[in-house]
Every structure is written in structure tokens, then in C-alpha cells.
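Enquirer: Dropping a structure here in C-alpha cells format, bear with me for questions.
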Amino acid sequence: MIKSMTGYGRAQGTFSGGEITVEIKSVNNRYLDAGVKLPRVYSFLEESIKALVQKSISRGKVDVFVSINAAQATNVKISVNTPMAQGYVNALRQLASDFDLSEEFSVSTLTRFSDVFIVEKQEEDEEEVKTAILSVVQEALDAFNAMREKEGKALEHDLLEKSEGILRLVEKVEERSPITVEAYRARLTAKLMEVLEGRQLDEARIIQEAAIYADKVAVDEETVRLRSHISQLKTMLSDGGVIGRKLDFLMQEMNREANTIGSKGNDVEQARNVVDIKSELEKIREQIQNIE
């Protein structure tokens, strides 16, 4: 199965340090260009995440975003800053005494002062952290690849349809080719009759000239190669895998054959067929840029 180079995947998980969210996005690129963004405290995992990406992706500009929501953390210790709390209590009592106020304050009053509490994040087990985060990254990669496979299937269907369209145009070219030779022979005969003013024509010379022309405008070799290239395209799509670059090279060969056909002869209808073939080839080339 082929895969698109564009895709998106997302996954979430939890561990003692909080909630993990991983998002993966990609766009087309000639080579693999993987970037990882994660909290600085977990930067030691960057290379491990890149290694996971490289196992699943061959081409594309891939961005991996890892965020940790510590609000759900279970490895956080909260304690009271007793001297600070005592200081606030003393200050409030002094305030009440100086201004003859009633002492209407409680624990909830002290909680308004953030420095009354000490929040300490306990030491984390790096291996546990690594296992948890990489597990979520892998889940996001699985979702990301599933989307790329879905898009790849749509691309394959579109390419096969366009390939069939080109084959129909090639058939028209092949049907038209002998007609252009016969038309040339008729024009040549008419021209000679005009020049010779009704005198005897050299039929052998006309046949020879028509044969030379037919050889010059023959497109059999090009259409056979075009058919072969399209057959190869279908095989590559069926086999799947990382075929984007191979397809790109194959398109160059197909364009070369189409250009050669276009350069032979000056038949208007044939020229129209060639233009249509090149138009379809360009559409295929654009789609191929999305394939890994």
C-alpha cells in the first residue's frame, strides 16, 4: 500500500508526571526532515522520538509536538511554609489591633497568599517517563500512518483512473497515425499532379516518399513505451511501499515519449491528442509529489 506524505495523528496518555499529549503533522518534502518540540525538562527524549519517527516514515517534513500537563501530576508534594503563614497571621492580627477590627479571618484567608504553600516536584524515574512518552508517541504515529494510508488509497485510485485515460488517448494516437500518412500521400499526389499538369506520375516515387514520411512520423515505438510505462506505474502502485521518487523518474520518461510523439508530424488532431496526454501526465506528476 502506498502512503501520502501529508498526514495528522494525535494521542494522549497519563503517567505520574501528568497528562501527555502528542500531535504529529507532516507536509511534502524531498527527504525526511523530522522536528520534535517538547518541554525542556524532557529534551533528553528528542533523539529517541526521532528514532521512532524514522522507523515509520521515509519522506516528508514531519513535526512532532509533545506537551505535558502537570496539573494532573501525582508526584507533586505540597507543604505549608509555616514561618510565612505565621507571619501573615501576625500581620493580620496587628492590622486588626491597630484599626480596632474584629479578627475575621480563617484558613481560607491564608490560602489567598500563594507563598504560604511550598510546591515541590519529586524526582522522576527517567526510564518510566521515557516509556510513557514514547508509548504515546507510537500511538500518535499509528494514527498518523493510518491517515496517510487512507489518503494513499485515494491517490492510488485517482492515478489509476488517469492512467486509463492516457491509454485511451494513446489508442487514438495509434489509430490516427496511419491516417496521417495516407493524408500526406494524398497531398503529395495532388501537389505533383499540379506541378506536372496531368502528365504521368511516378507511382514508385510517390510510394517511396510516403514510406520515408511514414518512417519519420511513426509513433509505434513511443506508444509501446508509453503503454509499458503505464503498466509499470500500475505494478508499482500495486506493490506499494516507498515509491514516490521512482514514480517521479517514471513520469519524466513518460513525458519524454509524449514530447517525441508531439514532435512528429503536423496533424492537428494528433497534436490535440498529444496535448491531452501531456495534460493528464502533468496531473499525475502533481499527485505523485504527495506520495511517500
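Residue numbers start at 1 in each chain; chains themselves are named A, B, ... in the order of the C-alpha cells; ligands are numbered from 1 in the order shown.
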Which neighbours of A:Asn81 fall inside 9 Å, counting only C-alpha atoms, when residues of the same chain fewer than 3 positions from it are skipped, and could you give them as a PyMOL selection string?
Expert: chain A and resi 84-86+115-118
Enquirer: Restrict the selected residues to N, CA, C and O atoms and save them as a compact mmCIF listing (two decimals), in the first residue's frame.
Expert:
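For reference, selection21.txt as written:
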```txt
# COMPACT_ATOMS: atom_id res chain seq x y z
N MET A 84 6.15 31.65 56.94
CA MET A 84 5.43 32.62 56.13
C MET A 84 3.98 32.74 56.61
O MET A 84 3.44 33.84 56.74
N ALA A 85 3.37 31.56 56.87
CA ALA A 85 1.98 31.57 57.34
C ALA A 85 1.86 32.29 58.69
O ALA A 85 0.94 33.08 58.90
N GLN A 86 2.82 32.00 59.58
CA GLN A 86 2.81 32.66 60.89
C GLN A 86 2.96 34.17 60.73
O GLN A 86 2.33 34.96 61.44
N ASP A 115 2.44 32.29 48.56
CA ASP A 115 3.72 31.88 49.15
C ASP A 115 3.56 31.18 50.49
O ASP A 115 4.55 30.83 51.14
N VAL A 116 2.31 30.94 50.92
CA VAL A 116 2.07 30.19 52.14
C VAL A 116 2.36 28.70 51.90
O VAL A 116 2.70 27.97 52.82
N PHE A 117 2.25 28.29 50.64
CA PHE A 117 2.45 26.88 50.30
C PHE A 117 3.75 26.68 49.53
O PHE A 117 4.17 27.53 48.74
N ILE A 118 4.34 25.53 49.76
CA ILE A 118 5.56 25.15 49.04
C ILE A 118 5.20 23.96 48.15
O ILE A 118 4.74 22.92 48.64
```
Enquirer: Write out as JSON, numbers by chain the residues lying within 12 Å of A:Ser238, counting only C-alpha atoms and excluding same-chain residues fewer than 3 positions away.
Expert: {"A": [1, 2, 152, 153, 156, 157, 159, 160, 231, 232, 233, 234, 235, 241, 242, 243]}
Enquirer: Can those selected residues be exported to a file as a compact mmCIF listing (two decimals), in the first residue's frame so that it contains N, CA, C and O atoms?
Expert:
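Below you can see selection_10.txt, which holds the result:
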```txt
# COMPACT_ATOMS: atom_id res chain seq x y z
N MET A 1 0.84 -1.20 0.00
CA MET A 1 0.00 0.00 0.00
C MET A 1 0.87 1.25 0.00
O MET A 1 1.87 1.31 0.72
N ILE A 2 0.49 2.22 -0.82
CA ILE A 2 1.24 3.47 -0.82
C ILE A 2 0.70 4.41 0.26
O ILE A 2 -0.43 4.24 0.73
N GLY A 152 -3.38 7.65 0.80
CA GLY A 152 -2.63 6.94 -0.24
C GLY A 152 -3.56 6.11 -1.11
O GLY A 152 -3.37 6.03 -2.33
N LYS A 153 -4.58 5.51 -0.49
CA LYS A 153 -5.54 4.71 -1.25
C LYS A 153 -6.31 5.59 -2.23
O LYS A 153 -6.57 5.20 -3.38
N GLU A 156 -4.00 6.45 -5.09
CA GLU A 156 -3.84 5.31 -5.99
C GLU A 156 -5.03 5.20 -6.94
O GLU A 156 -4.87 4.99 -8.16
N HIS A 157 -6.23 5.35 -6.40
CA HIS A 157 -7.44 5.28 -7.23
C HIS A 157 -7.42 6.37 -8.30
O HIS A 157 -7.74 6.11 -9.48
N LEU A 159 -4.78 7.96 -9.58
CA LEU A 159 -3.71 7.72 -10.54
C LEU A 159 -4.10 6.62 -11.54
O LEU A 159 -3.78 6.72 -12.73
N LEU A 160 -4.77 5.60 -11.05
CA LEU A 160 -5.20 4.52 -11.94
C LEU A 160 -6.24 5.01 -12.95
O LEU A 160 -6.21 4.63 -14.12
N SER A 231 1.97 0.44 -17.57
CA SER A 231 1.91 -0.88 -16.94
C SER A 231 2.83 -0.93 -15.72
O SER A 231 2.46 -1.48 -14.67
N GLN A 232 4.01 -0.33 -15.86
CA GLN A 232 4.96 -0.28 -14.74
C GLN A 232 4.40 0.56 -13.60
O GLN A 232 4.56 0.21 -12.42
N LEU A 233 3.73 1.66 -13.94
CA LEU A 233 3.11 2.51 -12.93
C LEU A 233 2.09 1.73 -12.12
O LEU A 233 2.07 1.78 -10.89
N LYS A 234 1.26 0.97 -12.81
CA LYS A 234 0.24 0.17 -12.12
C LYS A 234 0.87 -0.88 -11.21
O LYS A 234 0.40 -1.10 -10.09
N THR A 235 1.94 -1.49 -11.69
CA THR A 235 2.63 -2.51 -10.88
C THR A 235 3.21 -1.89 -9.62
O THR A 235 3.10 -2.46 -8.52
N GLY A 241 4.68 0.50 -0.94
CA GLY A 241 5.98 0.85 -0.35
C GLY A 241 6.36 2.29 -0.63
O GLY A 241 5.52 3.12 -1.00
N VAL A 242 7.63 2.59 -0.46
CA VAL A 242 8.15 3.94 -0.69
C VAL A 242 8.53 4.06 -2.17
O VAL A 242 9.61 3.64 -2.58
N ILE A 243 7.63 4.61 -2.97
CA ILE A 243 7.82 4.62 -4.42
C ILE A 243 7.77 6.02 -5.03
O ILE A 243 7.84 6.18 -6.25
```
Enquirer: Let me make sure I understand: among A:Asn145, A:Asn259, A:Gln270, A:Ser114, which one has the smallest atom-to-atom distance to A:Lys55 if we use only C-alpha atoms?
Expert: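 Distance minimum relative to A:Lys55 lands on A:Asn145.
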Enquirer: Out of A:Asp248, A:Asp239, A:Glu139, A:Glu103, which residue has the shortest atom-to-atom distance to A:Glu282 when counting only C-alpha atoms?
Expert: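 The closest residue to A:Glu282 is A:Asp248.
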Enquirer: Could you check which of A:Glu292, A:Asp63, A:Glu253, A:Asp125 is closest to A:His229, using only C-alpha atoms?
Expert: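 Of A:Glu292, A:Asp63, A:Glu253, A:Asp125, the one nearest A:His229 is A:Glu253, counting only C-alpha atoms.
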Enquirer: Could you write out, as a ChimeraX atom specification, all the residues of stretch 20-156 of chain A that DSSP marks as alpha helix (DSSP H)?
Expert: /A:46-56,82-98,107-110,126-156
Enquirer: Could you check which of A:Ser228, A:Ser97, A:Ser67, A:Thr223 is closest to A:Ala258, using only C-alpha atoms?
Expert: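 Nearest to A:Ala258: A:Thr223.
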Enquirer: Quick one: residues within 9 Å of A:Ile288, only C-alpha atoms counted, chain neighbours fewer than 5 positions away excluded, as a list of chain:residue names?
Expert: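 Listing them by chain and then by number gives A:Leu155, A:Leu159, A:Gly244, A:Arg245, A:Leu247, A:Asp248, A:Met251, A:Lys283.
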Enquirer: Atoms to include: N, CA, C and O atoms. Write the selected residues as a PDB file, in the first residue's frame.
Expert:
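What ended up in result-v3.pdb:
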```pdb
ATOM      1  N   LEU A 155      -5.212   8.416  -3.503  1.00  0.00           N
ATOM      2  CA  LEU A 155      -4.254   8.800  -4.547  1.00  0.00           C
ATOM      3  C   LEU A 155      -4.093   7.689  -5.571  1.00  0.00           C
ATOM      4  O   LEU A 155      -4.055   7.938  -6.787  1.00  0.00           O
ATOM      5  N   LEU A 159      -4.778   7.963  -9.576  1.00  0.00           N
ATOM      6  CA  LEU A 159      -3.711   7.716 -10.545  1.00  0.00           C
ATOM      7  C   LEU A 159      -4.097   6.620 -11.539  1.00  0.00           C
ATOM      8  O   LEU A 159      -3.784   6.715 -12.730  1.00  0.00           O
ATOM      9  N   GLY A 244       7.648   7.044  -4.206  1.00  0.00           N
ATOM     10  CA  GLY A 244       7.488   8.410  -4.712  1.00  0.00           C
ATOM     11  C   GLY A 244       8.562   8.833  -5.688  1.00  0.00           C
ATOM     12  O   GLY A 244       8.274   9.365  -6.773  1.00  0.00           O
ATOM     13  N   ARG A 245       9.823   8.609  -5.341  1.00  0.00           N
ATOM     14  CA  ARG A 245      10.931   9.034  -6.210  1.00  0.00           C
ATOM     15  C   ARG A 245      10.948   8.226  -7.502  1.00  0.00           C
ATOM     16  O   ARG A 245      11.240   8.755  -8.581  1.00  0.00           O
ATOM     17  N   LEU A 247       8.402   6.879  -8.990  1.00  0.00           N
ATOM     18  CA  LEU A 247       7.301   7.367  -9.819  1.00  0.00           C
ATOM     19  C   LEU A 247       7.666   8.681 -10.490  1.00  0.00           C
ATOM     20  O   LEU A 247       7.297   8.929 -11.643  1.00  0.00           O
ATOM     21  N   ASP A 248       8.371   9.521  -9.774  1.00  0.00           N
ATOM     22  CA  ASP A 248       8.796  10.804 -10.329  1.00  0.00           C
ATOM     23  C   ASP A 248       9.707  10.585 -11.543  1.00  0.00           C
ATOM     24  O   ASP A 248       9.565  11.249 -12.574  1.00  0.00           O
ATOM     25  N   MET A 251       7.676   9.335 -14.492  1.00  0.00           N
ATOM     26  CA  MET A 251       6.928  10.409 -15.144  1.00  0.00           C
ATOM     27  C   MET A 251       7.804  11.177 -16.124  1.00  0.00           C
ATOM     28  O   MET A 251       7.333  11.620 -17.178  1.00  0.00           O
ATOM     29  N   LYS A 283      -1.096  16.166 -14.472  1.00  0.00           N
ATOM     30  CA  LYS A 283      -1.956  15.929 -13.303  1.00  0.00           C
ATOM     31  C   LYS A 283      -1.404  14.782 -12.454  1.00  0.00           C
ATOM     32  O   LYS A 283      -1.406  14.844 -11.229  1.00  0.00           O
TER      33      LYS A 283
END
```
Enquirer: Write out as JSON, numbers by chain which residues come within 10 Å of stretch 42-49 of chain A when counting only C-alpha atoms, dropping same-chain ones fewer than 5 positions away.
Expert: {"A": [34, 35, 36, 37, 54, 64, 66, 67, 68, 126, 129, 130, 133, 134, 137, 138]}
Enquirer: Include N, CA, C and O atoms and write out the residues we just selected as a PDB file, in the first residue's frame.
Expert:
```
ATOM      1  N   ALA A  34      12.617  15.573  10.210  1.00  0.00           N
ATOM      2  CA  ALA A  34      11.806  15.411  11.417  1.00  0.00           C
ATOM      3  C   ALA A  34      12.212  16.420  12.480  1.00  0.00           C
ATOM      4  O   ALA A  34      13.394  16.565  12.805  1.00  0.00           O
ATOM      5  N   GLY A  35      11.231  17.122  13.023  1.00  0.00           N
ATOM      6  CA  GLY A  35      11.466  18.076  14.109  1.00  0.00           C
ATOM      7  C   GLY A  35      10.618  17.699  15.313  1.00  0.00           C
ATOM      8  O   GLY A  35       9.467  17.293  15.164  1.00  0.00           O
ATOM      9  N   VAL A  36      11.196  17.818  16.496  1.00  0.00           N
ATOM     10  CA  VAL A  36      10.491  17.445  17.730  1.00  0.00           C
ATOM     11  C   VAL A  36      10.476  18.638  18.682  1.00  0.00           C
ATOM     12  O   VAL A  36      11.517  19.244  18.945  1.00  0.00           O
ATOM     13  N   LYS A  37       9.292  18.960  19.179  1.00  0.00           N
ATOM     14  CA  LYS A  37       9.150  20.032  20.167  1.00  0.00           C
ATOM     15  C   LYS A  37       8.520  19.442  21.417  1.00  0.00           C
ATOM     16  O   LYS A  37       7.427  18.875  21.359  1.00  0.00           O
ATOM     17  N   GLN A  54      11.657   7.808  12.363  1.00  0.00           N
ATOM     18  CA  GLN A  54      12.419   7.273  11.229  1.00  0.00           C
ATOM     19  C   GLN A  54      12.048   5.830  10.903  1.00  0.00           C
ATOM     20  O   GLN A  54      12.197   5.386   9.764  1.00  0.00           O
ATOM     21  N   VAL A  64       6.690  16.839  15.327  1.00  0.00           N
ATOM     22  CA  VAL A  64       6.117  16.126  16.465  1.00  0.00           C
ATOM     23  C   VAL A  64       6.042  17.081  17.643  1.00  0.00           C
ATOM     24  O   VAL A  64       7.056  17.663  18.054  1.00  0.00           O
ATOM     25  N   VAL A  66       5.055  17.444  21.594  1.00  0.00           N
ATOM     26  CA  VAL A  66       4.782  16.716  22.833  1.00  0.00           C
ATOM     27  C   VAL A  66       4.542  17.729  23.946  1.00  0.00           C
ATOM     28  O   VAL A  66       5.390  18.597  24.203  1.00  0.00           O
ATOM     29  N   SER A  67       3.390  17.647  24.580  1.00  0.00           N
ATOM     30  CA  SER A  67       3.095  18.560  25.701  1.00  0.00           C
ATOM     31  C   SER A  67       2.745  17.730  26.933  1.00  0.00           C
ATOM     32  O   SER A  67       2.143  16.657  26.831  1.00  0.00           O
ATOM     33  N   ILE A  68       3.137  18.246  28.094  1.00  0.00           N
ATOM     34  CA  ILE A  68       2.871  17.579  29.380  1.00  0.00           C
ATOM     35  C   ILE A  68       2.066  18.520  30.255  1.00  0.00           C
ATOM     36  O   ILE A  68       2.498  19.645  30.542  1.00  0.00           O
ATOM     37  N   GLU A 126      13.442   8.430  35.125  1.00  0.00           N
ATOM     38  CA  GLU A 126      13.609   8.743  33.697  1.00  0.00           C
ATOM     39  C   GLU A 126      13.152   7.602  32.802  1.00  0.00           C
ATOM     40  O   GLU A 126      12.567   7.837  31.736  1.00  0.00           O
ATOM     41  N   VAL A 129       9.406   7.664  32.654  1.00  0.00           N
ATOM     42  CA  VAL A 129       8.988   8.799  31.827  1.00  0.00           C
ATOM     43  C   VAL A 129       9.187   8.474  30.350  1.00  0.00           C
ATOM     44  O   VAL A 129       8.303   8.698  29.515  1.00  0.00           O
ATOM     45  N   LYS A 130      10.352   7.939  30.032  1.00  0.00           N
ATOM     46  CA  LYS A 130      10.672   7.602  28.633  1.00  0.00           C
ATOM     47  C   LYS A 130       9.676   6.592  28.068  1.00  0.00           C
ATOM     48  O   LYS A 130       9.141   6.769  26.969  1.00  0.00           O
ATOM     49  N   ILE A 133       6.116   8.326  27.583  1.00  0.00           N
ATOM     50  CA  ILE A 133       6.039   9.301  26.490  1.00  0.00           C
ATOM     51  C   ILE A 133       6.200   8.620  25.128  1.00  0.00           C
ATOM     52  O   ILE A 133       5.444   8.894  24.191  1.00  0.00           O
ATOM     53  N   LEU A 134       7.167   7.708  25.017  1.00  0.00           N
ATOM     54  CA  LEU A 134       7.375   7.021  23.735  1.00  0.00           C
ATOM     55  C   LEU A 134       6.175   6.162  23.361  1.00  0.00           C
ATOM     56  O   LEU A 134       5.871   5.992  22.177  1.00  0.00           O
ATOM     57  N   VAL A 137       3.770   8.550  21.840  1.00  0.00           N
ATOM     58  CA  VAL A 137       4.283   8.933  20.522  1.00  0.00           C
ATOM     59  C   VAL A 137       3.967   7.850  19.501  1.00  0.00           C
ATOM     60  O   VAL A 137       3.548   8.132  18.375  1.00  0.00           O
ATOM     61  N   GLN A 138       4.156   6.581  19.890  1.00  0.00           N
ATOM     62  CA  GLN A 138       3.882   5.475  18.977  1.00  0.00           C
ATOM     63  C   GLN A 138       2.400   5.407  18.616  1.00  0.00           C
ATOM     64  O   GLN A 138       2.038   5.148  17.464  1.00  0.00           O
TER      65      GLN A 138
END
```
Enquirer: Which is closer to A:Ala183 than all the others in A:Glu19, A:Asp267, A:Asp276, A:Glu164, using only C-alpha atoms?
Expert: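 For A:Ala183, the nearest of the candidates is A:Asp267.
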Enquirer: Which one of A:Phe15, A:Leu38, A:Ser26, A:Ile57 sits closest to A:Glu128 if you count only C-alpha atoms?
Expert: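 Distance minimum relative to A:Glu128 lands on A:Phe15.
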Enquirer: How far is it from atom CA of A:Ser163 to atom CA of A:Arg148, in Å with one decimal?
Expert: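 So the two atoms, atom CA of A:Ser163 and atom CA of A:Arg148, lie 22.0 Å apart.
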Enquirer: Mind pulling up the distance from atom CA of A:Arg30 to atom CA of A:Phe249?
Expert: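 Result for atom CA of A:Phe249 versus atom CA of A:Arg30: 13.2 Å, one decimal.
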Enquirer: So how many Å separate atom CA of A:Lys50 and atom CA of A:Asn28, to one decimal?
Expert: 17.7 Å
Enquirer: Within 6 Å of A:Lys25, counting only C-alpha atoms, which residues qualify if same-chain residues fewer than 2 places away don't, as an mmCIF file with N, CA, C and O atoms, in the first residue's frame?
Expert:
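After the write, out_14.cif holds the following:
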```
data_model
loop_
_atom_site.group_PDB
_atom_site.id
_atom_site.type_symbol
_atom_site.label_atom_id
_atom_site.label_comp_id
_atom_site.auth_asym_id
_atom_site.auth_seq_id
_atom_site.Cartn_x
_atom_site.Cartn_y
_atom_site.Cartn_z
ATOM 1 N N GLY A 7 -0.168 14.154 6.506
ATOM 2 C CA GLY A 7 -0.997 13.433 7.461
ATOM 3 C C GLY A 7 -1.031 14.106 8.815
ATOM 4 O O GLY A 7 -0.317 15.095 9.065
ATOM 5 N N TYR A 8 -1.868 13.575 9.693
ATOM 6 C CA TYR A 8 -2.002 14.106 11.054
ATOM 7 C C TYR A 8 -2.367 12.959 11.986
ATOM 8 O O TYR A 8 -3.152 12.076 11.635
ATOM 9 N N VAL A 62 8.226 16.366 8.888
ATOM 10 C CA VAL A 62 7.379 15.880 9.979
ATOM 11 C C VAL A 62 7.655 16.675 11.253
ATOM 12 O O VAL A 62 8.810 16.848 11.650
ATOM 13 N N ASP A 63 6.588 17.167 11.873
ATOM 14 C CA ASP A 63 6.703 17.887 13.149
ATOM 15 C C ASP A 63 5.976 17.107 14.232
ATOM 16 O O ASP A 63 4.796 16.755 14.070
#
```
